[in-house]
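**Q** Structure file final_21.txt (compact mmCIF, C-alpha atoms) is given on the next line.
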# COMPACT_ATOMS: atom_id res chain seq x y z
CA MET E 1 0.00 0.00 0.00
CA ALA E 2 1.15 3.53 -0.64
CA THR E 3 0.02 7.10 -0.54
CA THR E 4 1.56 9.65 -2.86
CA ALA E 5 1.02 13.38 -3.15
CA THR E 6 2.06 15.48 -6.11
CA ILE E 7 2.19 19.27 -6.10
CA THR E 8 2.37 21.41 -9.19
CA ILE E 9 2.89 25.17 -9.07
CA ASN E 10 2.71 26.97 -12.39
CA SER E 11 2.75 30.50 -13.67
CA ALA E 12 3.43 31.79 -17.13
CA ASP E 13 3.61 35.44 -16.15
CA LEU E 14 4.82 35.81 -12.56
CA THR E 15 8.34 36.41 -13.79
CA GLY E 16 10.02 36.75 -17.12
CA ASP E 17 10.50 33.01 -17.21
CA THR E 18 7.81 30.43 -16.74
CA LEU E 19 7.48 29.08 -13.22
CA SER E 20 6.94 25.34 -13.07
CA ILE E 21 7.44 23.21 -9.98
CA THR E 22 6.39 19.60 -9.67
CA LYS E 23 7.24 17.34 -6.77
CA THR E 24 5.88 13.97 -5.68
CA ALA E 25 6.19 12.67 -2.14
CA THR E 26 5.45 9.20 -0.84
CA PHE E 27 3.96 9.25 2.64
CA ASN E 28 6.06 6.98 4.85
CA LYS E 29 6.25 6.35 8.55
CA ALA E 30 8.74 8.40 10.58
CA GLY E 31 12.31 7.36 9.88
CA SER E 32 11.21 4.51 7.66
CA THR E 33 10.42 3.45 4.12
CA THR E 34 7.27 1.72 5.36
CA PRO E 35 4.19 3.47 4.02
CA LEU E 36 1.64 5.13 6.28
CA GLU E 37 -1.07 2.60 7.01
CA GLN E 38 -4.06 4.50 8.35
CA THR E 39 -6.31 7.34 7.28
CA THR E 40 -9.35 9.21 8.51
CA GLY E 41 -10.73 9.10 4.99
CA LEU E 42 -11.75 12.28 3.23
CA ASN E 43 -14.02 14.23 5.57
CA HIS E 44 -16.54 16.77 4.35
CA LYS E 45 -17.84 19.19 6.93
CA ILE E 46 -19.94 22.35 6.82
CA TYR E 47 -19.27 25.06 9.39
CA THR E 48 -22.13 27.32 10.40
CA ALA E 49 -20.54 29.30 13.22
CA ASP E 50 -17.70 31.78 13.14
CA THR E 51 -16.46 30.72 16.56
CA ALA E 52 -12.69 31.02 16.94
CA ASP E 53 -10.42 28.00 17.24
CA GLN E 54 -12.80 25.19 16.48
CA LEU E 55 -11.01 21.88 16.83
CA LEU E 56 -10.37 20.13 13.53
CA VAL E 57 -7.67 17.61 14.49
CA ASN E 58 -6.72 16.76 18.05
CA GLY E 59 -3.01 17.03 18.75
CA THR E 60 -2.58 13.46 19.93
CA ASP E 61 -5.31 11.56 18.15
CA TYR E 62 -2.99 9.90 15.69
CA GLY E 63 0.17 9.25 17.71
CA THR E 64 2.97 11.51 18.87
CA ASN E 65 6.13 12.62 17.10
CA VAL E 66 5.04 10.95 13.92
CA ALA E 67 5.06 11.64 10.20
CA ALA E 68 1.35 12.14 9.65
CA LYS E 69 0.18 14.28 6.73
CA VAL E 70 -2.86 16.56 6.64
CA TYR E 71 -4.79 17.92 3.68
CA ILE E 72 -7.37 20.70 4.15
CA SER E 73 -9.35 22.53 1.50
CA ASN E 74 -11.82 25.41 1.78
CA LEU E 75 -14.64 24.60 -0.64
CA SER E 76 -16.33 27.99 -0.36
CA THR E 77 -16.79 29.84 -3.63
CA ASP E 78 -16.99 33.30 -2.08
CA GLN E 79 -13.54 34.82 -2.48
CA THR E 80 -13.98 36.96 0.63
CA GLU E 81 -14.51 33.99 2.94
CA PHE E 82 -11.65 32.24 4.66
CA LEU E 83 -10.66 29.74 7.31
CA GLN E 84 -7.98 30.86 9.74
CA VAL E 85 -5.80 27.82 10.43
CA ASN E 86 -3.87 27.63 13.70
CA ILE E 87 -1.39 25.01 14.90
CA GLY E 88 -1.60 24.95 18.66
CA PRO E 89 -1.13 28.56 19.78
CA ALA E 90 0.50 29.63 16.51
CA ALA E 91 -1.45 31.34 13.74
CA MET E 92 -0.52 29.79 10.41
CA GLY E 93 -2.61 31.52 7.78
CA LYS E 94 -5.90 31.89 6.01
CA LEU E 95 -7.33 29.44 3.50
CA TYR E 96 -9.50 31.50 1.19
CA ALA E 97 -12.20 30.02 -1.02
CA GLY E 98 -10.72 27.31 -3.19
CA ASP E 99 -7.39 27.23 -1.36
CA TRP E 100 -5.86 23.99 -0.12
CA MET E 101 -2.93 23.00 2.05
CA VAL E 102 -0.83 19.92 2.75
CA ILE E 103 1.40 19.78 5.82
CA PRO E 104 3.36 17.22 7.76
CA TYR E 105 1.91 16.88 11.24
CA GLU E 106 4.18 16.00 14.14
CA GLN E 107 1.56 15.91 16.92
CA HIS E 108 4.15 16.40 19.62
CA ASP E 109 1.65 16.99 22.41
CA ALA E 110 -1.99 17.66 23.22
CA ALA E 111 -1.51 21.38 22.59
CA ASN E 112 -0.54 20.73 18.98
CA ASP E 113 -4.15 20.77 17.78
CA ILE E 114 -5.16 22.00 14.37
CA ASP E 115 -7.87 24.59 14.94
CA ILE E 116 -9.85 26.55 12.43
CA SER E 117 -11.79 29.78 12.63
CA PRO E 118 -14.31 30.39 9.83
CA SER E 119 -14.67 34.02 8.84
CA VAL E 120 -18.44 33.80 8.52
CA ALA E 121 -21.33 31.99 10.14
CA THR E 122 -22.96 31.10 6.86
CA LYS E 123 -22.30 27.68 5.46
CA MET E 124 -18.61 27.10 4.84
CA PRO E 125 -17.78 23.63 3.52
CA ILE E 126 -14.34 22.17 3.99
CA GLU E 127 -12.69 18.86 3.21
CA TRP E 128 -9.85 17.33 5.17
CA VAL E 129 -8.02 14.07 5.57
CA VAL E 130 -5.26 12.79 7.83
CA PHE E 131 -2.90 10.02 6.76
CA TYR E 132 -1.09 8.52 9.74
CA GLU E 133 1.00 5.64 11.02
CA MET Z 1 -1.49 40.75 -12.64
CA ALA Z 2 0.10 37.34 -12.52
CA THR Z 3 -1.78 34.08 -12.65
CA ILE Z 4 -0.34 31.40 -10.42
CA THR Z 5 -1.95 28.04 -9.94
CA SER Z 6 -1.20 25.37 -7.41
CA ALA Z 7 -2.50 21.85 -7.80
CA VAL Z 8 -2.34 18.79 -5.61
CA SER Z 9 -3.10 15.21 -6.44
CA ILE Z 10 -3.21 12.59 -3.69
CA SER Z 11 -3.64 8.91 -4.36
CA SER Z 12 -3.88 6.28 -1.65
CA ASP Z 13 -4.66 2.60 -1.51
CA ILE Z 14 -4.57 2.39 2.29
CA SER Z 15 -8.21 1.41 2.42
CA ASP Z 16 -9.93 -1.18 0.26
CA SER Z 17 -11.17 1.49 -2.08
CA THR Z 18 -8.50 3.69 -3.61
CA VAL Z 19 -8.73 7.30 -2.54
CA SER Z 20 -7.89 9.79 -5.23
CA LEU Z 21 -8.32 13.49 -4.83
CA SER Z 22 -7.13 16.45 -6.79
CA LYS Z 23 -7.53 20.15 -6.29
CA THR Z 24 -6.36 23.17 -8.22
CA SER Z 25 -6.47 26.70 -6.93
CA THR Z 26 -5.57 30.06 -8.37
CA LEU Z 27 -3.53 32.00 -5.84
CA THR Z 28 -5.16 35.33 -5.15
CA LYS Z 29 -4.71 38.20 -2.74
CA ALA Z 30 -6.71 38.24 0.49
CA GLY Z 31 -10.43 38.63 -0.17
CA SER Z 32 -9.82 39.47 -3.81
CA SER Z 33 -9.78 37.97 -7.26
CA LYS Z 34 -6.47 39.69 -8.01
CA GLY Z 35 -3.62 37.27 -8.31
CA LEU Z 36 -0.63 37.14 -6.00
CA ASP Z 37 2.17 38.87 -7.84
CA THR Z 38 5.37 38.57 -5.81
CA SER Z 39 7.66 35.63 -5.25
CA THR Z 40 10.96 34.92 -3.56
CA GLY Z 41 11.72 32.53 -6.36
CA LEU Z 42 12.54 28.95 -5.59
CA ALA Z 43 15.34 29.23 -3.06
CA ARG Z 44 17.70 26.47 -1.99
CA LYS Z 45 19.59 26.37 1.27
CA THR Z 46 21.96 23.80 2.75
CA PHE Z 47 21.89 23.27 6.51
CA SER Z 48 24.79 21.63 8.32
CA ALA Z 49 23.98 22.06 11.99
CA VAL Z 50 21.28 20.83 14.32
CA THR Z 51 20.23 24.35 15.13
CA HIS Z 52 16.84 26.00 15.34
CA VAL Z 53 16.98 28.90 12.90
CA ASP Z 54 14.73 31.02 10.72
CA LEU Z 55 13.89 29.64 7.32
CA ILE Z 56 11.64 32.56 6.41
CA SER Z 57 11.55 35.73 8.49
CA SER Z 58 8.19 37.41 8.84
CA ALA Z 59 9.89 40.81 8.82
CA ALA Z 60 10.16 40.71 5.05
CA PHE Z 61 6.47 40.04 4.40
CA SER Z 62 3.14 41.72 4.94
CA ALA Z 63 -0.01 40.11 6.23
CA GLY Z 64 -2.05 38.55 3.49
CA ALA Z 65 -2.88 35.38 1.64
CA ASN Z 66 0.76 34.39 1.24
CA LYS Z 67 1.55 30.81 0.31
CA VAL Z 68 4.65 28.87 1.28
CA TYR Z 69 6.22 25.83 -0.35
CA VAL Z 70 8.96 23.91 1.48
CA CYS Z 71 10.62 20.69 0.34
CA ASN Z 72 13.31 18.54 1.92
CA SER Z 73 15.26 17.77 -1.21
CA GLY Z 74 17.27 15.00 0.39
CA SER Z 75 16.54 11.33 -0.07
CA SER Z 76 17.07 9.99 3.44
CA SER Z 77 14.16 8.22 5.08
CA THR Z 78 15.66 8.80 8.53
CA GLU Z 79 16.87 12.41 8.33
CA TYR Z 80 14.34 15.20 8.55
CA VAL Z 81 13.79 18.88 9.21
CA THR Z 82 11.22 20.11 11.68
CA ILE Z 83 9.25 23.09 10.42
CA ALA Z 84 7.74 25.35 13.07
CA LEU Z 85 5.95 28.67 13.49
CA GLY Z 86 7.33 31.27 15.89
CA ALA Z 87 10.59 32.60 17.25
CA ASN Z 88 13.82 30.66 16.97
CA ALA Z 89 16.15 30.11 19.90
CA ALA Z 90 18.60 32.81 18.76
CA ASP Z 91 15.76 35.32 18.85
CA GLY Z 92 15.25 34.47 22.49
CA GLY Z 93 12.25 32.36 21.89
CA THR Z 94 11.55 28.78 22.72
CA ALA Z 95 7.89 29.10 21.90
CA ALA Z 96 8.02 28.03 18.28
CA GLU Z 97 5.19 25.62 17.62
CA PRO Z 98 6.25 22.64 15.48
CA ILE Z 99 4.07 21.87 12.50
CA GLY Z 100 5.77 18.68 11.45
CA ARG Z 101 8.73 16.87 10.01
CA LEU Z 102 9.76 16.80 6.39
CA TYR Z 103 11.71 13.65 5.65
CA GLY Z 104 13.71 13.29 2.47
CA GLY Z 105 11.46 13.98 -0.50
CA ASP Z 106 8.60 15.37 1.58
CA TRP Z 107 7.05 18.74 0.75
CA MET Z 108 4.48 21.04 2.30
CA PHE Z 109 2.33 23.87 0.97
CA PHE Z 110 0.37 26.11 3.29
CA PRO Z 111 -1.14 29.56 3.75
CA TRP Z 112 0.93 31.98 5.82
CA ASP Z 113 -0.30 35.29 7.14
CA GLY Z 114 3.24 36.53 7.74
CA GLY Z 115 2.63 37.11 11.42
CA VAL Z 116 5.34 34.81 12.75
CA ASP Z 117 8.61 33.43 11.46
CA ILE Z 118 8.83 30.04 9.82
CA THR Z 119 11.69 28.16 11.44
CA ILE Z 120 13.60 24.99 10.72
CA THR Z 121 15.59 22.49 12.75
CA PRO Z 122 17.52 19.77 10.90
CA SER Z 123 17.77 16.39 12.61
CA VAL Z 124 21.41 15.89 11.66
CA ALA Z 125 24.54 17.99 11.25
CA THR Z 126 25.35 16.51 7.89
CA GLU Z 127 24.13 18.44 4.87
CA THR Z 128 20.38 18.81 4.51
CA ILE Z 129 19.15 20.60 1.41
CA VAL Z 130 15.85 22.46 1.53
CA ASP Z 131 14.03 24.18 -1.30
CA TYR Z 132 11.48 26.85 -0.40
CA MET Z 133 9.44 29.64 -1.91
CA VAL Z 134 7.04 32.30 -0.70
CA ILE Z 135 4.38 33.60 -3.04
CA SER Z 136 2.86 36.81 -1.74
For this file, write the structure as structure tokens.
**A**
Amino acid sequence: MATTATITINSADLTGDTLSITKTATFNKAGSTTPLEQTTGLNHKIYTADTADQLLVNGTDYGTNVAAKVYISNLSTDQTEFLQVNIGPAAMGKLYAGDWMVIPYEQHDAANDIDISPSVATKMPIEWVVFYE
Amino acid sequence: MATITSAVSISSDISDSTVSLSKTSTLTKAGSSKGLDTSTGLARKTFSAVTHVDLISSAAFSAGANKVYVCNSGSSSTEYVTIALGANAADGGTAAEPIGRLYGGDWMFFPWDGGVDITITPSVATETIVDYMVIS
């Protein structure tokens, strides 16, 4: 079994030369060539409250000091709406409508939660998945 | 106005049914349809000490819908870099919050509001090569 993730970043007009980056990663266990074996599956959730720091992924749900990977996408189509993503106490950034992210997730302790704060209380759909050991 | 797209494709056969997802987004400024138009370019840096240091300093960027790409360009399955958000030790901070570890070949792509530094700590003192780029 294997899980692979490929990113492609392209732009024909950001600079004078075309920007083209492609990279494929295979998701393996920490310090190993053994593939990750578990997943939450692709979750689809609709947020209807703009409460700050709503728990998305608990900091120790999937082991500690591991090589988990997390994908999150904001499925909103309103370009003014965003999800603020925080890792523990640290503010990471805002996922605007259509944006996605992939990060490694160490889960070093219970405070290492992934929290999100929707910008609006109207329906904001997101998708997320965790691949873990 | 530049047009920059980022796409991800994830395929997994962990479960009985293969999971395959793909997503493409056009990178735009905060709350706008205008495209991001500034980039650091794809930078490469070699680290040779197990030291917690800045990879990307927030001082050079404004708040916004910035995007960050980081890749451990090595091939080791045991050596990694820990990417964190916050102050590094030399800045007097021990409060950096780890995001996760990039082993050889791993990459990450995430939104960054430019409010805190992005730091890095290699796991070994031998050479670790990291590629990174900020689009802002």
**Q** Using all atoms listed in the file, which of Z:Gly64, Z:Gly104, Z:Gly41, Z:Pro111 sits nearest chain E?
**A**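 Closest candidate: Z:Pro111.
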**Q** Counting only C-alpha atoms, what are the residues of chain Z within 6 Å of chain E, and for each of them which pair of atoms is the nearest and at what distance in Å, to one decimal? Sort the table by chain and rising number, as JSON lines.
**A**
{"residue": "Z:Ala2", "atom": "CA", "partner": "E:Leu14", "partner_atom": "CA", "distance": 5.0}
{"residue": "Z:Thr3", "atom": "CA", "partner": "E:Ser11", "partner_atom": "CA", "distance": 5.9}
{"residue": "Z:Ile4", "atom": "CA", "partner": "E:Ser11", "partner_atom": "CA", "distance": 4.6}
{"residue": "Z:Thr5", "atom": "CA", "partner": "E:Asn10", "partner_atom": "CA", "distance": 5.4}
{"residue": "Z:Ser6", "atom": "CA", "partner": "E:Ile9", "partner_atom": "CA", "distance": 4.4}
{"residue": "Z:Ala7", "atom": "CA", "partner": "E:Thr8", "partner_atom": "CA", "distance": 5.1}
{"residue": "Z:Val8", "atom": "CA", "partner": "E:Ile7", "partner_atom": "CA", "distance": 4.6}
{"residue": "Z:Ser9", "atom": "CA", "partner": "E:Thr6", "partner_atom": "CA", "distance": 5.2}
{"residue": "Z:Ile10", "atom": "CA", "partner": "E:Ala5", "partner_atom": "CA", "distance": 4.3}
{"residue": "Z:Ser11", "atom": "CA", "partner": "E:Thr4", "partner_atom": "CA", "distance": 5.5}
{"residue": "Z:Ser12", "atom": "CA", "partner": "E:Thr3", "partner_atom": "CA", "distance": 4.1}
{"residue": "Z:Asp13", "atom": "CA", "partner": "E:Met1", "partner_atom": "CA", "distance": 5.5}
{"residue": "Z:Ile14", "atom": "CA", "partner": "E:Met1", "partner_atom": "CA", "distance": 5.6}
{"residue": "Z:Ser25", "atom": "CA", "partner": "E:Asp99", "partner_atom": "CA", "distance": 5.7}
{"residue": "Z:Gly31", "atom": "CA", "partner": "E:Thr80", "partner_atom": "CA", "distance": 4.0}
{"residue": "Z:Ser77", "atom": "CA", "partner": "E:Gly31", "partner_atom": "CA", "distance": 5.2}
{"residue": "Z:Thr78", "atom": "CA", "partner": "E:Gly31", "partner_atom": "CA", "distance": 3.9}
{"residue": "Z:Ile99", "atom": "CA", "partner": "E:Tyr105", "partner_atom": "CA", "distance": 5.6}
{"residue": "Z:Gly100", "atom": "CA", "partner": "E:Glu106", "partner_atom": "CA", "distance": 4.1}
{"residue": "Z:Arg101", "atom": "CA", "partner": "E:Pro104", "partner_atom": "CA", "distance": 5.8}
{"residue": "Z:Gly105", "atom": "CA", "partner": "E:Ala25", "partner_atom": "CA", "distance": 5.7}
{"residue": "Z:Asp106", "atom": "CA", "partner": "E:Ala25", "partner_atom": "CA", "distance": 5.2}
{"residue": "Z:Met108", "atom": "CA", "partner": "E:Ile103", "partner_atom": "CA", "distance": 4.8}
{"residue": "Z:Phe109", "atom": "CA", "partner": "E:Val102", "partner_atom": "CA", "distance": 5.4}
{"residue": "Z:Phe110", "atom": "CA", "partner": "E:Met101", "partner_atom": "CA", "distance": 4.7}
{"residue": "Z:Pro111", "atom": "CA", "partner": "E:Gly93", "partner_atom": "CA", "distance": 4.7}
{"residue": "Z:Trp112", "atom": "CA", "partner": "E:Gly93", "partner_atom": "CA", "distance": 4.1}
{"residue": "Z:Asp113", "atom": "CA", "partner": "E:Gly93", "partner_atom": "CA", "distance": 4.5}
**Q** Take the residues from that selection and write them out as a short mmCIF file (atom, residue, chain, number, x, y, z; two decimals), in the coordinates of the input, keeping C-alpha atoms.
**A**
data_model
loop_
_atom_site.label_atom_id
_atom_site.label_comp_id
_atom_site.auth_asym_id
_atom_site.auth_seq_id
_atom_site.Cartn_x
_atom_site.Cartn_y
_atom_site.Cartn_z
CA ALA Z 2 0.10 37.34 -12.52
CA THR Z 3 -1.78 34.08 -12.65
CA ILE Z 4 -0.34 31.40 -10.42
CA THR Z 5 -1.95 28.04 -9.94
CA SER Z 6 -1.20 25.37 -7.41
CA ALA Z 7 -2.50 21.85 -7.80
CA VAL Z 8 -2.34 18.79 -5.61
CA SER Z 9 -3.10 15.21 -6.44
CA ILE Z 10 -3.21 12.59 -3.69
CA SER Z 11 -3.64 8.91 -4.36
CA SER Z 12 -3.88 6.28 -1.65
CA ASP Z 13 -4.66 2.60 -1.51
CA ILE Z 14 -4.57 2.39 2.29
CA SER Z 25 -6.47 26.70 -6.93
CA GLY Z 31 -10.43 38.63 -0.17
CA SER Z 77 14.16 8.22 5.08
CA THR Z 78 15.66 8.80 8.53
CA ILE Z 99 4.07 21.87 12.50
CA GLY Z 100 5.77 18.68 11.45
CA ARG Z 101 8.73 16.87 10.01
CA GLY Z 105 11.46 13.98 -0.50
CA ASP Z 106 8.60 15.37 1.58
CA MET Z 108 4.48 21.04 2.30
CA PHE Z 109 2.33 23.87 0.97
CA PHE Z 110 0.37 26.11 3.29
CA PRO Z 111 -1.14 29.56 3.75
CA TRP Z 112 0.93 31.98 5.82
CA ASP Z 113 -0.30 35.29 7.14
#
**Q** Suppose you want the space between atom CA of Z:Phe47 and atom CA of Z:Ile129; what is it in Å?
**A**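 These two atoms are separated by 6.4 Å.
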**Q** What is the distance, in Å and to one decimal place, between atom CA of Z:Glu79 and atom CA of Z:Val124?
**A**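 That distance, rounded to one decimal, is 6.6 Å.
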**Q** Would you mind reading off the distance between atom CA of Z:Ser48 and atom CA of Z:Leu102, one decimal, in Å?
**A** 15.9 Å
**Q** Taking (1.3, 6.2, 16.7) in the file's coordinates as the center, which residues reach within 8 Å of it, counting only C-alpha atoms, put as a PyMOL selection string?
**A** chain E and resi 62-64+66+132-133
**Q** Which residues come within 9 Å of Z:Ile56, counting only C-alpha atoms, excluding same-chain residues fewer than 5 positions away, as a PDB file with C-alpha atoms, in the coordinates of the input?
**A**
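Generated file (part.pdb):
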ATOM      1  CA  ASP Z 117       8.610  33.430  11.460  1.00  0.00           C
ATOM      2  CA  ILE Z 118       8.830  30.040   9.820  1.00  0.00           C
ATOM      3  CA  THR Z 119      11.690  28.160  11.440  1.00  0.00           C
ATOM      4  CA  ILE Z 120      13.600  24.990  10.720  1.00  0.00           C
ATOM      5  CA  TYR Z 132      11.480  26.850  -0.400  1.00  0.00           C
ATOM      6  CA  VAL Z 134       7.040  32.300  -0.700  1.00  0.00           C
TER       7      VAL Z 134
END
**Q** Restricting the calculation to all atoms listed in the file, which member of E:Leu83, E:Asp109, E:Ile46, E:Asp17 is positioned closest to Z:Ala30?
**A** E:Leu83
**Q** Point out the residue among Z:Ala59, Z:Ile83, Z:Ala125, Z:Val68 with the least atom-to-atom distance to Z:Leu42, counting only C-alpha atoms.
**A**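 Of Z:Ala59, Z:Ile83, Z:Ala125, Z:Val68, the one nearest Z:Leu42, counting only C-alpha atoms, is Z:Val68.
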**Q** Would you mind listing what lies within 8 Å of E:His44 as a PDB file with C-alpha atoms, in the frame of the given file, with all atoms listed in the file counted and same-chain residues fewer than 6 positions away left out?
**A**
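File out-v7.pdb, as written:
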ATOM      1  CA  PRO E 125     -17.780  23.630   3.520  1.00  0.00           C
ATOM      2  CA  ILE E 126     -14.340  22.170   3.990  1.00  0.00           C
ATOM      3  CA  GLU E 127     -12.690  18.860   3.210  1.00  0.00           C
ATOM      4  CA  TRP E 128      -9.850  17.330   5.170  1.00  0.00           C
TER       5      TRP E 128
END
**Q** Choose the residue, out of E:Tyr47, E:Ala110, E:Met124, E:Leu75, that has the smallest atom-to-atom separation from E:Gly59; count only C-alpha atoms.
**A**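 Between E:Tyr47, E:Ala110, E:Met124, E:Leu75, the residue approaching E:Gly59 most closely is E:Ala110.
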**Q** So, counting only C-alpha atoms, which residue among Z:Thr51, Z:Ser57, Z:Tyr103, Z:Thr40 is closest to Z:Val81?
**A** Z:Tyr103
**Q** Could you check which of Z:Ala63, Z:Cys71, Z:Val19, Z:Leu55 is closest to Z:Asp131, using all atoms listed in the file?
**A** Z:Cys71
**Q** May I have the residues within 7 Å of Z:Val116 as number ranges by chain, using only C-alpha atoms and disregarding those fewer than 6 positions away in the same chain?
**A** Z: 58, 85-86
**Q** Pull C-alpha atoms from the residues just selected and write them as an mmCIF file, in the coordinates of the input.
**A**
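File out03.cif, as written:
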data_model
loop_
_atom_site.group_PDB
_atom_site.id
_atom_site.type_symbol
_atom_site.label_atom_id
_atom_site.label_comp_id
_atom_site.auth_asym_id
_atom_site.auth_seq_id
_atom_site.Cartn_x
_atom_site.Cartn_y
_atom_site.Cartn_z
ATOM 1 C CA SER Z 58 8.190 37.410 8.840
ATOM 2 C CA LEU Z 85 5.950 28.670 13.490
ATOM 3 C CA GLY Z 86 7.330 31.270 15.890
#
